[in-house]
$ cat input_7.cif   # mmCIF, C-alpha atoms
data_structure
#
loop_
_atom_site.label_atom_id
_atom_site.label_comp_id
_atom_site.auth_asym_id
_atom_site.auth_seq_id
_atom_site.Cartn_x
_atom_site.Cartn_y
_atom_site.Cartn_z
CA MET C 218 -28.90 12.14 -7.08
CA VAL C 219 -28.73 8.72 -8.70
CA LEU C 220 -27.26 8.36 -12.19
CA SER C 221 -28.31 5.50 -14.39
CA MET C 222 -25.88 2.78 -15.36
CA GLN C 223 -26.18 4.03 -18.94
CA VAL C 224 -24.84 7.45 -18.00
CA ARG C 225 -21.93 5.98 -16.07
CA SER C 226 -21.18 3.65 -18.96
CA ALA C 227 -21.21 6.59 -21.36
CA LEU C 228 -18.68 8.41 -19.21
CA GLU C 229 -16.33 5.45 -19.38
CA THR C 230 -16.75 4.75 -23.09
CA LYS C 231 -17.60 8.01 -24.84
CA VAL C 232 -15.63 10.66 -22.94
CA SER C 233 -11.90 10.57 -23.59
CA LYS C 234 -9.52 9.85 -20.73
CA GLU C 235 -7.63 13.02 -21.66
CA ARG C 236 -10.76 15.13 -21.16
CA ILE C 237 -11.51 13.43 -17.85
CA GLY C 238 -7.93 14.04 -16.69
CA VAL C 239 -8.11 17.73 -17.59
CA GLU C 240 -11.33 18.14 -15.62
CA VAL C 241 -10.03 16.24 -12.59
CA ASP C 242 -6.89 18.41 -12.65
CA LYS C 243 -9.05 21.55 -12.68
CA MET C 244 -11.15 20.19 -9.83
CA LEU C 245 -8.18 19.50 -7.58
CA CYS C 246 -6.63 22.89 -8.36
CA SER C 247 -9.91 24.72 -7.72
CA ALA C 248 -10.80 26.65 -4.58
CA SER C 249 -12.87 23.69 -3.32
CA PRO C 250 -11.17 20.40 -4.31
CA LEU C 251 -12.80 18.44 -1.52
CA THR C 252 -16.28 19.54 -2.59
CA CYS C 253 -15.54 18.51 -6.18
CA VAL C 254 -14.34 15.05 -5.15
CA GLY C 255 -17.35 14.77 -2.85
CA LEU C 256 -19.66 15.41 -5.77
CA LEU C 257 -18.03 12.62 -7.77
CA ARG C 258 -18.56 10.34 -4.79
CA ASP C 259 -22.16 11.41 -4.19
CA VAL C 260 -23.24 10.88 -7.80
CA SER C 261 -21.44 7.52 -7.94
CA LEU C 262 -18.92 8.64 -10.56
CA PHE C 263 -15.75 8.24 -8.48
CA ALA C 264 -15.16 4.66 -9.63
CA SER C 265 -15.92 5.54 -13.26
CA VAL C 266 -13.19 8.19 -13.16
CA PHE C 267 -10.51 6.59 -11.00
CA LEU C 268 -11.34 2.85 -11.08
CA PRO C 269 -13.06 2.13 -14.41
CA ASP C 270 -14.16 -1.35 -15.41
CA GLU C 271 -11.04 -1.89 -17.53
CA MET C 272 -8.84 -1.45 -14.44
CA PRO C 273 -6.31 -4.32 -14.47
CA LYS C 274 -5.86 -6.80 -11.66
CA MET C 275 -4.28 -5.21 -8.61
CA ASP C 276 -2.93 -6.17 -5.22
CA PRO C 277 -5.54 -6.67 -2.48
CA LEU C 278 -6.43 -3.43 -0.72
CA GLU C 279 -6.77 -2.96 3.02
CA PHE C 280 -10.41 -2.03 2.46
CA GLU C 281 -13.33 -2.95 0.22
CA ILE C 282 -13.19 -1.23 -3.16
CA GLU C 283 -16.58 0.37 -2.43
CA GLU C 284 -14.91 2.29 0.39
CA ALA C 285 -12.37 3.93 -1.94
CA PRO C 286 -14.30 7.19 -2.50
CA THR C 287 -14.68 7.75 1.25
CA ARG C 288 -11.08 6.77 2.02
CA CYS C 289 -9.65 8.99 -0.70
CA SER C 290 -11.82 11.93 0.34
CA ALA C 291 -10.65 11.51 3.94
CA THR C 292 -6.92 11.61 3.11
CA LEU C 293 -7.48 14.60 0.82
CA SER C 294 -9.42 16.39 3.57
CA LYS C 295 -6.66 15.84 6.13
CA PHE C 296 -4.02 17.14 3.72
CA LEU C 297 -6.06 20.27 2.99
CA SER C 298 -6.53 20.90 6.71
CA THR C 299 -2.78 20.54 7.27
CA LEU C 300 -2.05 23.00 4.47
CA GLU C 301 -4.35 25.55 6.08
CA SER C 302 -2.83 25.25 9.55
CA SER C 303 0.85 24.82 8.69
CA GLU C 304 3.49 27.54 8.70
CA LEU C 305 4.94 25.93 5.58
CA SER C 306 3.46 26.95 2.27
CA LEU C 307 3.69 25.11 -1.02
CA PRO C 308 4.22 26.61 -4.48
CA LYS C 309 1.35 25.97 -6.89
CA GLU C 310 2.87 22.90 -8.57
CA LEU C 311 3.95 21.23 -5.32
CA ARG C 312 0.48 21.83 -3.90
CA ARG C 313 -1.07 20.31 -7.03
CA ILE C 314 1.02 17.14 -6.90
CA GLY C 315 0.40 16.94 -3.15
CA LEU C 316 -3.36 16.96 -3.74
CA PHE C 317 -3.06 14.05 -6.17
CA ALA C 318 -0.75 12.18 -3.77
CA SER C 319 -3.13 12.65 -0.84
CA LEU C 320 -6.21 11.70 -2.88
CA LEU C 321 -4.55 8.48 -4.06
CA ARG C 322 -2.77 7.72 -0.79
CA PRO C 323 -5.15 4.84 0.14
CA PHE C 324 -3.75 2.96 -2.87
CA GLY C 325 -0.13 3.50 -1.78
CA GLY C 326 2.08 0.42 -1.97
CA ARG C 327 -0.35 -1.51 -4.18
CA ASN C 328 0.53 -2.59 -7.74
CA VAL C 329 -1.44 -3.39 -10.88
CA TYR C 330 -0.68 -6.28 -13.22
CA THR C 331 -1.07 -6.18 -17.00
CA ALA C 332 0.26 -8.24 -19.89
CA GLU C 333 3.10 -5.73 -20.17
CA SER C 334 4.01 -5.87 -16.46
CA LYS C 335 7.62 -6.72 -15.66
CA PRO C 336 8.57 -8.38 -12.34
CA ASN C 337 11.45 -5.96 -11.80
CA ARG C 338 9.43 -2.88 -12.75
CA PRO C 339 6.11 -2.95 -10.87
CA VAL C 340 3.46 -0.37 -11.72
CA THR C 341 1.61 1.09 -8.75
CA VAL C 342 -2.14 1.61 -8.69
CA ALA C 343 -1.64 5.36 -8.25
CA SER C 344 0.69 5.50 -11.25
CA HIS C 345 -1.75 3.55 -13.42
CA ILE C 346 -4.62 5.84 -12.46
CA ILE C 347 -2.63 8.96 -13.34
CA ARG C 348 -1.08 7.62 -16.55
CA HIS C 349 -3.94 5.57 -17.98
CA CYS C 350 -7.23 6.52 -16.30
CA LEU C 351 -6.55 10.27 -16.34
CA LYS C 352 -3.92 10.42 -19.10
CA LEU C 353 -1.89 12.99 -17.19
CA ARG C 354 1.87 13.51 -17.46
CA GLY C 355 4.21 10.65 -16.72
CA ARG C 356 6.07 13.06 -14.47
CA ASP C 357 2.94 13.46 -12.34
CA ALA C 358 2.76 9.69 -11.84
CA ASP C 359 6.46 9.46 -10.99
CA GLU C 360 6.24 12.27 -8.44
CA VAL C 361 3.17 10.81 -6.73
CA ASN C 362 4.97 7.45 -6.55
CA ASN C 363 8.05 9.10 -5.08
CA ILE C 364 5.96 10.89 -2.45
CA HIS C 365 4.23 7.65 -1.45
CA ILE C 366 7.57 5.83 -1.19
CA CYS C 367 9.08 8.59 0.94
CA LEU C 368 6.07 8.58 3.25
CA THR C 369 6.75 4.97 4.19
CA LYS C 370 10.14 6.06 5.56
CA ILE C 371 8.73 8.61 7.99
CA GLU C 372 7.37 6.12 10.46
CA ASN C 373 7.31 8.27 13.58
CA ALA C 374 8.53 11.49 15.15
CA SER C 375 11.82 9.90 16.30
CA PHE C 376 12.78 9.55 12.64
CA VAL C 377 14.21 13.08 12.71
CA GLN C 378 16.91 12.13 15.24
CA ASN C 379 18.74 9.93 12.73
CA ARG C 380 21.04 12.01 10.51
CA VAL C 381 21.49 9.36 7.84
CA SER C 382 17.78 8.51 7.57
CA LEU C 383 16.87 12.17 7.39
CA GLY C 384 19.57 12.80 4.79
CA ARG C 385 18.30 9.92 2.68
CA LEU C 386 14.81 11.40 2.80
CA VAL C 387 16.13 14.76 1.56
CA ARG C 388 18.02 13.05 -1.26
CA GLU C 389 15.12 10.84 -2.33
CA SER C 390 12.38 13.45 -2.14
CA LYS C 391 14.43 16.33 -3.58
CA GLU C 392 12.16 19.29 -4.43
CA LEU C 393 9.14 17.29 -3.25
CA LEU C 394 10.35 17.36 0.37
CA PRO C 395 7.90 20.02 1.66
CA THR C 396 4.98 18.12 0.12
CA VAL C 397 6.18 14.85 1.65
CA LEU C 398 6.51 16.41 5.10
CA LEU C 399 3.08 18.06 5.03
CA LEU C 400 1.39 14.88 3.82
CA ALA C 401 3.20 12.90 6.54
CA GLN C 402 1.93 15.36 9.14
CA SER C 403 -1.61 15.05 7.81
CA GLN C 404 -1.44 11.29 8.42
CA ASN C 405 0.27 11.36 11.81
CA GLU C 406 -0.42 14.10 14.35
CA ASP C 407 2.86 13.29 16.14
CA ILE C 408 4.83 14.45 13.09
CA SER C 409 5.54 18.15 12.57
CA ALA C 410 6.60 19.23 9.08
CA GLU C 411 7.98 22.49 10.47
CA LYS C 412 10.05 20.69 13.12
CA ILE C 413 11.52 18.28 10.59
CA GLN C 414 12.34 21.15 8.24
CA ARG C 415 14.12 23.00 11.09
CA THR C 416 16.00 19.85 12.07
CA ILE C 417 17.18 19.39 8.49
CA THR C 418 18.60 22.91 8.55
CA GLU C 419 20.17 22.48 12.00
CA MET C 420 21.82 19.24 10.87
CA ARG C 421 23.09 20.97 7.72
CA LEU C 422 21.26 18.52 5.50
CA GLU C 423 19.31 21.00 3.39
CA HIS C 424 21.68 20.47 0.45
CA ALA C 425 21.92 16.68 0.85
CA ALA C 426 20.08 16.15 -2.44
CA SER C 427 23.02 17.61 -4.38
CA LEU C 428 25.70 15.80 -2.37
CA ARG C 429 28.40 14.08 -4.44
CA PRO C 430 30.98 11.44 -3.36
CA LEU C 431 34.22 13.00 -2.13
CA LEU C 432 36.19 10.62 -4.36
CA ASN C 433 35.26 9.97 -7.98
CA GLY C 434 35.61 6.66 -9.79
CA LYS C 435 39.15 7.27 -11.00
CA GLN C 436 40.31 8.22 -7.52
CA VAL C 437 38.71 5.10 -6.04
CA MET C 438 40.38 2.89 -8.68
CA LYS C 439 43.73 4.46 -7.92
CA LEU C 440 43.15 3.88 -4.22
CA LEU C 441 41.97 0.29 -4.77
CA PRO C 442 43.92 -1.04 -7.78
CA LYS C 443 42.49 -4.57 -7.43
CA LEU C 444 38.87 -3.39 -7.43
CA PRO C 445 37.03 -5.26 -10.23
CA LYS C 446 34.74 -3.44 -12.63
CA GLY C 447 31.09 -3.79 -11.82
CA PRO C 448 28.60 -3.12 -9.02
CA LYS C 449 31.27 -2.87 -6.31
CA MET C 450 32.18 0.62 -7.51
CA GLY C 451 28.59 1.76 -7.16
CA GLU C 452 28.50 0.31 -3.66
CA ILE C 453 31.56 2.34 -2.65
CA MET C 454 30.06 5.50 -4.13
CA ARG C 455 26.90 4.98 -2.10
CA GLU C 456 28.95 4.33 1.03
CA GLN C 457 30.69 7.67 0.61
CA ILE C 458 27.34 9.45 0.53
CA GLU C 459 26.22 7.61 3.68
CA TRP C 460 29.42 8.61 5.48
CA GLN C 461 28.99 12.22 4.42
CA LEU C 462 25.39 12.24 5.62
CA ALA C 463 26.56 10.92 8.98
CA ASN C 464 29.43 13.40 9.17
CA PRO C 465 29.08 16.64 7.17
CA ASP C 466 32.68 17.61 8.03
CA LEU C 467 34.17 14.45 6.52
CA THR C 468 37.26 15.23 4.44
CA ALA C 469 38.57 13.47 1.34
CA ASP C 470 41.53 12.10 3.30
CA GLN C 471 39.25 10.69 5.98
CA CYS C 472 37.09 9.17 3.27
CA LYS C 473 40.14 7.50 1.74
CA GLN C 474 40.96 5.98 5.09
CA LEU C 475 37.42 4.64 5.52
CA ILE C 476 37.48 3.11 2.05
CA THR C 477 40.86 1.43 2.45
CA GLU C 478 39.92 0.06 5.87
CA LYS C 479 36.65 -1.42 4.66
CA HIS C 480 37.92 -2.66 1.30
CA ALA C 481 41.50 -3.64 2.19
CA SER C 482 41.26 -6.77 0.04
CA PHE C 483 41.35 -4.58 -3.09
CA LEU C 484 44.58 -2.73 -2.17
#
$ encode --input "input_7.cif" --output "C-alpha cells"
Amino acid sequence: MVLSMQVRSALETKVSKERIGVEVDKMLCSASPLTCVGLLRDVSLFASVFLPDEMPKMDPLEFEIEEAPTRCSATLSKFLSTLESSELSLPKELRRIGLFASLLRPFGGRNVYTAESKPNRPVTVASHIIRHCLKLRGRDADEVNNIHICLTKIENASFVQNRVSLGRLVRESKELLPTVLLLAQSQNEDISAEKIQRTITEMRLEHAASLRPLLNGKQVMKLLPKLPKGPKMGEIMREQIEWQLANPDLTADQCKQLITEKHASFL
C-alpha cells in the first residue's frame, strides 16, 4: 500500500500529537505491538509519527535515517522474544515502558538540538520523540532515558562479577531494573537477566537503591572539622555509598576510619 504525500502531510499537520501518542501507546500495549509497528513501516507512516519534518537537528546516527523503521522494529522484536522466553515477568507498566525503550533503542545516546537546548542539559532523541512527537508523559521520557543510560553500563556478562558496578546499576535503575536486564539480554545473548537478578540477591544488593550513607552530614562535619562547605561533602557521601556497595557489612566505625584516613587534611 502506498500513501500519497498529501495523506502523510495531513497526518503531520492535521492530527494532534496527543492523539497520535494515544494511538501509539495503544498499539504498543496491544496483543500484537510488532504487527502494529510493522504496519506503520509498511505504509510509510513511521517517519511521520516518530520523525516528523519538524524534527530538530540531531546527532549523526549509526545508520541512514531511512533504516530507522527496520532498526526500531528489530530491537522491539528481540525484546518481545526475550519477554516470551524469560523466567522473569514484568508488571504491565514496566512492560509498557520497556516496549518504548526497545522501540527507540536505535536512537540511544543521540541528542537533539533546539533553540532552547542547554549545553549542560542535553535532550536525547528518544526523549524528544516521547515528549514532543507523541506528547506522552514526561515521566515516560525520563524512564526511557534512564533505561538507555543503564544499558550502556552492562557491557558484557562479566559485569555481574563486580559488586560496586552491579550495586550502581541497582541504584540507578531502581524499579526499572527488571526492564533494563531483559532489554540488555535481548541485545546480547551472552547476558542472562535471570542470572544477574540471582547474583544481585546473592550479593545482598537487592536493596542497594535505598542505601543511605552510614554517616550523615553533621557526623561528617564533626569528624572533619576543617571540611569546607561545598561539593566535598557530596563527594564524601558518595564515597560512603561506594564503600557500602563493596562491603555490605561495613560498620559506622569502619566508615569513620576510612573517611579520616582518606581526608586527613580536614581533621
$ closest_residue --input "input_7.cif" --among "C:Ser344, C:Thr396, C:Ser306, C:Gln474" --to "C:Ile364" --atoms "only C-alpha atoms"
C:Thr396
$ residues_near_point --input "input_7.cif" --point "(-8.5, 4.9, -11.4)" --cutoff "9 Å" --atoms "all atoms listed in the file" --output "list in words"
Phe263, Ala264, Ser265, Val266, Phe267, Leu268, Pro269, Met272, Val342, Ala343, His345, Ile346, Ile347, His349, Cys350 and Leu351 of chain C
$ resolve_selection --input "input_7.cif" --expression "the PyMOL selection byres ((chain C and resi 420-426) around 9)" --output "PyMOL selection string"
chain C and resi 380+383-392+414-419+427-429+462+465
$ atom_distance --input "input_7.cif" --atom1 "atom CA of C:Leu300" --atom2 "atom CA of C:Leu251"
13.1 Å
$ resolve_selection --input "input_7.cif" --expression "the PyMOL selection byres ((chain C and resi 410) around 9)" --output "PyMOL selection string"
chain C and resi 303-305+395+397-402+408-409+411-415
$ atom_distance --input "input_7.cif" --atom1 "atom CA of C:Ala248" --atom2 "atom CA of C:Glu229"
26.4 Å
